[in-house]
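> Just upload_38.cif, nothing more (mmCIF, C-alpha atoms):
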```cif
data_coords
loop_
_atom_site.label_atom_id
_atom_site.label_comp_id
_atom_site.auth_asym_id
_atom_site.auth_seq_id
_atom_site.Cartn_x
_atom_site.Cartn_y
_atom_site.Cartn_z
CA MET A 833 66.16 49.35 60.03
CA ASN A 834 68.44 52.37 60.11
CA ILE A 835 71.40 53.90 61.95
CA ASP A 836 69.31 54.76 65.02
CA TYR A 837 68.13 51.15 65.23
CA ILE A 838 71.72 49.86 65.13
CA GLN A 839 72.90 52.33 67.76
CA ASP A 840 70.09 51.25 70.05
CA LYS A 841 70.92 47.56 69.56
CA ILE A 842 74.62 47.98 70.33
CA ASN A 843 74.13 50.32 73.27
CA GLY A 844 74.64 47.59 75.89
CA GLN A 845 78.07 46.58 74.60
CA ARG A 846 78.99 50.21 74.02
CA GLU A 847 78.17 51.20 77.61
CA LYS A 848 80.05 48.20 78.98
CA LEU A 849 83.10 49.26 77.01
CA LEU A 850 82.90 52.90 78.08
CA LYS A 851 82.60 51.88 81.74
CA HIS A 852 85.50 49.42 81.62
CA LYS A 853 87.75 49.49 84.68
CA LEU A 854 90.85 49.74 82.47
CA TYR A 855 90.55 53.52 82.28
CA SER A 856 90.82 54.08 86.03
CA ASN A 857 93.62 51.49 86.34
CA ILE A 858 96.04 53.53 84.21
CA GLU A 859 97.72 55.19 87.18
CA THR A 860 101.44 55.32 86.34
CA ILE A 861 103.69 55.82 83.34
CA LYS A 862 104.37 52.06 83.42
CA ASP A 863 100.65 51.38 83.14
CA LEU A 864 100.44 53.78 80.22
CA ARG A 865 103.32 51.97 78.50
CA VAL A 866 101.51 48.66 78.92
CA PHE A 867 98.38 50.17 77.43
CA THR A 868 100.14 51.51 74.33
CA GLU A 869 102.23 48.38 73.81
CA ASN A 870 99.02 46.38 73.46
CA HIS A 871 96.70 48.98 71.95
CA VAL A 872 99.14 49.64 69.08
CA TYR A 873 97.83 46.51 67.33
CA ALA A 874 94.36 48.05 67.18
CA VAL A 875 95.85 51.30 65.87
CA TRP A 876 97.54 49.32 63.10
CA ASP A 877 94.69 47.03 62.08
CA PHE A 878 92.36 50.04 61.92
CA MET A 879 94.48 51.21 58.98
CA SER A 880 93.86 47.87 57.27
CA LEU A 881 90.09 48.29 57.68
CA LEU A 882 90.44 51.74 56.21
CA LYS A 883 92.36 50.55 53.16
CA ALA A 884 90.04 47.57 52.66
CA LEU A 885 87.14 50.01 52.36
CA GLN A 886 89.07 52.21 49.96
CA ILE A 887 89.83 49.18 47.78
CA LYS A 888 86.16 48.14 47.81
CA LEU A 889 84.62 51.57 47.25
CA THR A 890 87.07 53.24 44.87
CA CYS A 891 89.15 52.27 41.88
CA THR A 892 92.67 51.49 43.06
CA LYS A 893 93.96 49.80 39.90
CA THR A 894 94.69 50.54 36.28
CA PRO A 895 93.11 50.87 33.83
CA TRP A 896 90.92 53.20 35.87
CA VAL A 897 87.14 52.86 35.72
CA PRO A 898 84.49 55.06 37.39
CA ASN A 899 83.31 54.22 40.90
CA SER A 900 79.91 52.59 41.22
CA ASN A 901 79.00 55.18 43.84
CA SER A 902 80.93 58.44 43.88
CA GLN A 903 79.51 59.54 47.23
CA THR A 904 80.79 56.49 49.15
CA ALA A 905 84.09 56.83 47.28
CA TYR A 906 84.31 60.45 48.39
CA LEU A 907 83.54 59.58 52.01
CA ILE A 908 86.22 56.92 52.32
CA ASN A 909 88.81 58.94 50.40
CA GLU A 910 88.29 61.89 52.75
CA ILE A 911 88.78 59.66 55.78
CA VAL A 912 91.87 58.03 54.26
CA LEU A 913 93.40 61.45 53.59
CA ALA A 914 93.45 62.40 57.26
CA GLU A 915 94.19 58.96 58.71
CA GLU A 916 97.06 58.17 56.36
CA THR A 917 98.57 61.64 55.91
CA ASP A 918 97.69 63.79 58.93
CA ILE A 919 100.09 66.26 60.54
CA ASN A 920 102.04 65.93 63.77
CA GLN A 921 102.70 68.71 66.26
CA ALA A 922 105.59 69.96 64.13
CA GLY A 923 103.45 70.10 60.99
CA LYS A 924 105.04 67.02 59.37
CA ARG A 925 102.81 64.61 57.43
CA LYS A 926 102.42 61.22 59.09
CA SER A 927 99.86 58.45 59.38
CA HIS A 928 98.06 58.06 62.68
CA TYR A 929 99.93 54.79 63.19
CA GLU A 930 103.23 56.68 62.94
CA LEU A 931 101.94 59.39 65.29
CA TYR A 932 101.16 56.66 67.81
CA LEU A 933 104.62 55.10 67.55
CA ASP A 934 106.23 58.51 68.04
CA ALA A 935 104.12 58.99 71.18
CA MET A 936 105.14 55.56 72.44
CA ILE A 937 108.81 56.45 72.04
CA ASP A 938 108.36 59.61 74.10
CA ILE A 939 106.81 57.75 77.05
CA GLY A 940 109.48 55.04 76.95
CA ALA A 941 107.18 52.29 75.69
CA GLU A 942 108.63 49.24 73.94
CA ILE A 943 108.10 49.54 70.18
CA GLU A 944 110.63 47.02 68.87
CA PHE A 945 108.54 43.98 69.76
CA PRO A 946 105.17 45.23 68.41
CA THR A 947 106.66 46.63 65.20
CA LYS A 948 108.53 43.38 64.56
CA THR A 949 105.33 41.47 65.31
CA ILE A 950 103.32 43.61 62.90
CA ASN A 951 106.06 43.14 60.30
CA LYS A 952 105.70 39.37 60.66
CA ILE A 953 101.95 39.59 60.13
CA ALA A 954 102.29 41.89 57.13
CA SER A 955 104.85 39.73 55.36
CA SER A 956 103.15 36.41 56.09
CA GLU A 957 101.87 34.04 53.41
CA ASN A 958 98.94 33.22 55.69
CA ILE A 959 97.92 36.05 57.96
CA PHE A 960 95.76 33.94 60.28
CA MET A 961 98.44 31.30 60.79
CA SER A 962 100.94 34.07 61.44
CA ILE A 963 98.70 35.64 64.10
CA ASP A 964 98.21 32.26 65.81
CA LYS A 965 101.98 31.88 66.21
CA LEU A 966 102.51 35.28 67.80
CA GLU A 967 103.64 35.62 71.41
CA ILE A 968 100.93 38.05 72.41
CA HIS A 969 97.80 37.78 74.55
CA GLU A 970 95.14 35.47 73.11
CA ASN A 971 92.55 38.25 73.23
CA ILE A 972 94.73 40.43 71.02
CA LYS A 973 95.09 37.55 68.57
CA GLU A 974 91.32 37.17 68.46
CA PHE A 975 90.90 40.90 67.93
CA LEU A 976 93.25 40.83 64.94
CA LYS A 977 91.79 37.64 63.46
CA PHE A 978 88.30 39.10 63.69
CA THR A 979 89.38 42.21 61.78
CA PHE A 980 91.06 40.31 59.00
CA SER A 981 88.32 37.69 58.75
CA VAL A 982 85.81 40.46 57.99
CA ILE A 983 88.24 41.98 55.48
CA LYS A 984 88.70 38.57 53.87
CA GLU A 985 84.94 38.01 53.62
CA GLY A 986 84.88 41.18 51.58
CA LYS A 987 81.39 42.54 52.23
CA PRO A 988 81.68 46.35 52.19
CA HIS A 989 78.71 46.92 54.51
CA LYS A 990 80.21 44.60 57.15
CA ILE A 991 83.68 46.16 56.90
CA ALA A 992 82.08 49.59 57.13
CA ALA A 993 80.04 48.47 60.15
CA ILE A 994 83.01 47.43 62.30
CA PHE A 995 84.95 50.46 61.02
CA THR A 996 82.08 52.72 62.09
CA PHE A 997 80.50 51.22 65.19
CA GLY A 998 83.62 49.47 66.48
CA ARG A 999 85.99 52.35 65.74
CA GLU A 1000 85.04 55.78 64.32
CA ASN A 1001 81.70 56.29 66.07
CA LEU A 1002 83.12 54.91 69.30
CA ILE A 1003 86.57 56.49 69.51
CA PRO A 1004 85.64 60.01 70.72
CA ASN A 1005 83.81 58.69 73.79
CA MET A 1006 86.38 55.99 74.44
CA PHE A 1007 89.42 58.24 74.10
CA ASN A 1008 87.76 60.90 76.25
CA GLU A 1009 87.57 58.31 79.03
CA ILE A 1010 91.25 57.46 78.59
CA LEU A 1011 92.32 61.12 78.49
CA ARG A 1012 90.28 61.98 81.56
CA GLU A 1013 91.91 59.24 83.62
CA PHE A 1014 95.54 59.40 82.60
CA GLU A 1015 95.73 63.20 82.60
CA LYS A 1016 94.54 62.94 86.21
CA ASN A 1017 96.71 59.99 87.24
CA VAL A 1018 99.91 60.06 85.17
CA THR A 1019 102.22 62.82 86.40
CA GLU A 1020 105.61 61.62 85.11
CA GLY A 1021 107.07 61.49 81.63
CA ASP A 1022 106.25 63.47 78.50
CA ILE A 1023 102.81 62.39 77.32
CA SER A 1024 102.19 65.41 75.09
CA LYS A 1025 102.39 63.44 71.83
CA LEU A 1026 100.00 60.81 73.10
CA ILE A 1027 97.56 63.49 74.23
CA TYR A 1028 97.89 65.09 70.79
CA TYR A 1029 97.14 61.73 69.13
CA PHE A 1030 94.00 61.18 71.21
CA GLU A 1031 92.77 64.75 70.88
CA ARG A 1032 93.36 64.69 67.13
CA HIS A 1033 91.30 61.50 66.83
CA ILE A 1034 88.53 62.95 68.98
CA GLU A 1035 88.44 66.13 66.89
CA LEU A 1036 88.34 64.33 63.54
CA ASP A 1037 85.91 61.60 64.55
CA GLU A 1038 83.41 63.84 66.30
CA ASP A 1039 83.32 66.55 63.65
CA GLU A 1040 84.06 64.73 60.40
CA HIS A 1041 84.85 61.03 60.25
CA GLY A 1042 82.10 59.81 62.56
CA PRO A 1043 79.26 61.42 60.58
CA MET A 1044 80.92 60.40 57.30
CA ALA A 1045 81.20 56.78 58.43
CA LEU A 1046 77.54 56.69 59.49
CA GLU A 1047 76.50 58.02 56.10
CA MET A 1048 78.68 55.42 54.40
CA VAL A 1049 77.06 52.56 56.33
CA SER A 1050 73.58 53.82 55.46
CA MET A 1051 74.40 54.06 51.77
CA LEU A 1052 75.97 50.60 51.67
CA ALA A 1053 73.06 48.97 53.50
CA GLU A 1054 70.39 50.80 51.49
CA ASN A 1055 66.97 49.26 52.22
CA ASP A 1056 68.28 45.71 52.39
CA HIS A 1057 66.96 44.08 55.58
CA GLU A 1058 69.58 41.30 55.42
CA LYS A 1059 72.43 43.79 55.21
CA TRP A 1060 71.11 45.75 58.20
CA LYS A 1061 70.86 42.52 60.18
CA GLU A 1062 74.46 41.63 59.34
CA ILE A 1063 75.52 45.15 60.32
CA GLU A 1064 73.82 44.73 63.69
CA GLU A 1065 75.43 41.36 64.36
CA ILE A 1066 78.94 42.27 63.24
CA SER A 1067 78.86 45.58 65.16
CA ILE A 1068 77.97 43.80 68.40
CA GLU A 1069 80.75 41.29 67.79
CA ALA A 1070 83.23 44.10 67.09
CA LEU A 1071 82.42 45.75 70.43
CA GLU A 1072 82.72 42.44 72.25
CA LYS A 1073 86.17 41.89 70.71
CA ARG A 1074 87.18 45.38 71.88
CA ILE A 1075 85.99 44.57 75.40
CA LEU A 1076 88.17 41.45 75.34
CA LEU A 1077 91.11 43.55 74.18
CA TRP A 1078 90.54 45.93 77.10
CA ASP A 1079 90.28 42.90 79.43
CA ALA A 1080 93.68 41.69 78.19
CA ILE A 1081 95.37 45.04 78.76
CA ASN A 1082 93.73 45.50 82.15
CA GLU A 1083 94.84 42.01 83.20
CA GLN A 1084 98.46 42.88 82.47
CA ILE A 1085 98.22 46.17 84.33
CA GLU A 1086 96.57 44.63 87.39
CA ASN A 1087 99.02 41.71 87.45
CA LYS A 1088 102.00 43.98 86.78
CA THR A 1089 103.13 41.75 83.91
CA TRP A 1090 104.52 44.50 81.72
CA THR A 1091 107.63 43.94 79.66
CA ASN A 1092 111.04 44.90 81.02
CA LEU A 1093 112.35 45.69 77.56
CA ARG A 1094 112.86 49.43 77.14
CA SER A 1095 115.47 49.52 74.39
CA SER A 1096 113.40 51.10 71.62
CA ASN A 1097 114.67 54.17 69.88
CA LYS A 1098 113.94 56.21 66.79
CA GLU A 1099 116.35 54.16 64.67
CA THR A 1100 114.57 50.92 65.56
CA TYR A 1101 111.20 52.48 64.82
CA SER A 1102 112.35 53.84 61.47
CA HIS A 1103 113.91 50.52 60.41
CA GLU A 1104 110.99 48.37 61.47
CA TYR A 1105 108.21 50.59 60.18
CA LYS A 1106 109.74 51.42 56.83
CA ASN A 1107 110.23 47.73 56.06
CA LEU A 1108 106.59 46.74 56.54
CA LYS A 1109 105.15 44.98 53.51
CA PRO A 1110 101.64 46.17 52.65
CA ASP A 1111 100.34 43.18 50.68
CA PHE A 1112 98.41 40.56 52.65
CA LYS A 1113 97.77 36.99 51.59
CA PHE A 1114 94.93 35.08 53.20
#
```
If you took the structure in this file and wrote it as structure tokens, what would it be?


Amino acid sequence: MNIDYIQDKINGQREKLLKHKLYSNIETIKDLRVFTENHVYAVWDFMSLLKALQIKLTCTKTPWVPNSNSQTAYLINEIVLAEETDINQAGKRKSHYELYLDAMIDIGAEIEFPTKTINKIASSENIFMSIDKLEIHENIKEFLKFTFSVIKEGKPHKIAAIFTFGRENLIPNMFNEILREFEKNVTEGDISKLIYYFERHIELDEDEHGPMALEMVSMLAENDHEKWKEIEEISIEALEKRILLWDAINEQIENKTWTNLRSSNKETYSHEYKNLKPDFKF
């Protein structure tokens, strides 16, 4: 087994995701707000996958000890550098999560509810119980629980698999579909920051992070047949969870069940984001 084998095995789910009707249903600024207000959870939990890999593949404690594999440590550290401390349009250092929240503010999306929700998850004594109690779509809950269940299991090759095949290796194609549709359909509001966020992700993932993530998976799986099998299975499941997430967002757009709350502002964002607690307890 190898990377080509995995990509062939997941192609069905990947194509289904890339042909999802959600993309063509984003027709107005309200639809775009609904998309971001739900997709923000995936933007956030991606950062948790990223940090879980950094914890597993590098030394993040003292006393320091050498990494077991300096190449995988290098790969994840390079990805973390851009994802956690990229630059915005003004040249200011921000994480991609913060870039996304800034873009949401500009299009008038509600950020108070999702940032408070994420704060609840982050400060919870039991992350899975906390997610179950949230007032969000069940598919989004399942998406989050899947992410954190793989993190909790703690197998680097499985975390790397959903990070790679469910995120990094998928994002350029997926975001291209989103960009193509809403640049064509959405004619009101300032969506320049959101376009910047998507284009930045496409640029990084196509040229740098995607190939790095594929190399990382290969190195973690080595020649272990069982690991490759687990990579195949978890990658398929990751794509299926993403399809369910897209189903949830599309359902809200088609049923016009978006929130009426539009009271977010930069002060709310700053207060909520800066008070997030980074330590999770399972």

> Residues of region 964-983 of chain A within 9 Å of region 864-879 of chain A: nearest atom pair and distance (Å, one decimal) for each, counting all atoms listed in the file, sorted by chain and number, as JSON lines?


```
{"residue": "A:Ile968", "atom": "CA", "partner": "A:Asn870", "partner_atom": "CA", "distance": 8.6}
{"residue": "A:His969", "atom": "CA", "partner": "A:Asn870", "partner_atom": "CA", "distance": 8.8}
{"residue": "A:Ile972", "atom": "CA", "partner": "A:Asn870", "partner_atom": "CA", "distance": 7.7}
{"residue": "A:Phe975", "atom": "CA", "partner": "A:Ala874", "partner_atom": "CA", "distance": 8.0}
{"residue": "A:Leu976", "atom": "CA", "partner": "A:Asp877", "partner_atom": "CA", "distance": 7.0}
{"residue": "A:Thr979", "atom": "CA", "partner": "A:Asp877", "partner_atom": "CA", "distance": 7.2}
{"residue": "A:Phe980", "atom": "CA", "partner": "A:Asp877", "partner_atom": "CA", "distance": 8.2}
```

> Restricting the calculation to all atoms listed in the file, which member of A:Thr996, A:Asn971, A:Ser927, A:Thr917 is positioned closest to Ser1050 (chain A)?

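Checking each candidate against Ser1050 (chain A), we get A:Thr996 as the closest.
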
> Could you list, as a PyMOL selection string, every residue matched by the PyMOL selection byres ((chain A and resi 909) around 10) in this structure?

chain A and resi 882-883+885-886+889-890+903-908+910-915

> Would you compute the distance between CA of His1057 (chain A) and CA of Ile842 (chain A)? Give it in Å to one decimal.

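A separation of 17.1 Å between them.
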
> With all atoms listed in the file as the basis for distance, which of A:Ser902, A:Tyr1029, A:His852, A:Glu1040 is at the shortest distance from Glu930 (chain A)?

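Ranking A:Ser902, A:Tyr1029, A:His852, A:Glu1040 by distance to Glu930 (chain A), first place goes to A:Tyr1029.
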
> So, counting only C-alpha atoms, which residue among A:Gly998, A:Lys1025, A:Phe945, A:Lys1016 is closest to Ile919 (chain A)?

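Closest to Ile919 (chain A) of all the choices is A:Lys1025.
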
> Using all atoms listed in the file, which of A:Ile959, A:Met833, A:Ile943, A:Leu1046 sits nearest Ala993 (chain A)?

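Between A:Ile959, A:Met833, A:Ile943, A:Leu1046, the residue approaching Ala993 (chain A) most closely is A:Leu1046.
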
> Between CA of His1041 (chain A) and CA of Leu1002 (chain A), what is the distance in Å, rounded to a tenth?

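The value is 11.1 Å.
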
> Using the chain letters and numbers from this file, what does the PyMOL selection byres ((chain A and resi 963) around 9) select? Give the answer as a PDB file with C-alpha atoms, in the frame of the given file.


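Writing done, so here's out21.pdb:
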```pdb
ATOM      1  CA  THR A 949     105.330  41.470  65.310  1.00  0.00           C
ATOM      2  CA  LYS A 952     105.700  39.370  60.660  1.00  0.00           C
ATOM      3  CA  ILE A 953     101.950  39.590  60.130  1.00  0.00           C
ATOM      4  CA  ASN A 958      98.940  33.220  55.690  1.00  0.00           C
ATOM      5  CA  ILE A 959      97.920  36.050  57.960  1.00  0.00           C
ATOM      6  CA  PHE A 960      95.760  33.940  60.280  1.00  0.00           C
ATOM      7  CA  MET A 961      98.440  31.300  60.790  1.00  0.00           C
ATOM      8  CA  SER A 962     100.940  34.070  61.440  1.00  0.00           C
ATOM      9  CA  ASP A 964      98.210  32.260  65.810  1.00  0.00           C
ATOM     10  CA  LYS A 965     101.980  31.880  66.210  1.00  0.00           C
ATOM     11  CA  LEU A 966     102.510  35.280  67.800  1.00  0.00           C
ATOM     12  CA  GLU A 967     103.640  35.620  71.410  1.00  0.00           C
ATOM     13  CA  ILE A 968     100.930  38.050  72.410  1.00  0.00           C
ATOM     14  CA  LYS A 973      95.090  37.550  68.570  1.00  0.00           C
ATOM     15  CA  GLU A 974      91.320  37.170  68.460  1.00  0.00           C
ATOM     16  CA  LEU A 976      93.250  40.830  64.940  1.00  0.00           C
ATOM     17  CA  LYS A 977      91.790  37.640  63.460  1.00  0.00           C
TER      18      LYS A 977
END
```

> For the file shown, report as a PyMOL selection string the outcome of the PyMOL selection byres ((chain A and resi 994) around 10) at residue level.

chain A and resi 878+881+978-979+982+989-993+995-1001+1049+1063-1071

> CA of Gln1084 (chain A) and CA of Glu1072 (chain A) are how many Å apart?

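If I compute the distance from CA of Gln1084 (chain A) to CA of Glu1072 (chain A), I get 18.8 Å.
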
> Point out the residue among A:Met1044, A:Leu1076, A:Ile939, A:Met1006 with the least atom-to-atom distance to Glu847 (chain A), counting only C-alpha atoms.

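The closest residue to Glu847 (chain A) is A:Met1006.
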
> Under the rule that only C-alpha atoms are counted, which of A:Phe1030, A:Ile861, A:Ser956, A:Gly1042 is the nearest residue to Tyr929 (chain A)?

A:Phe1030
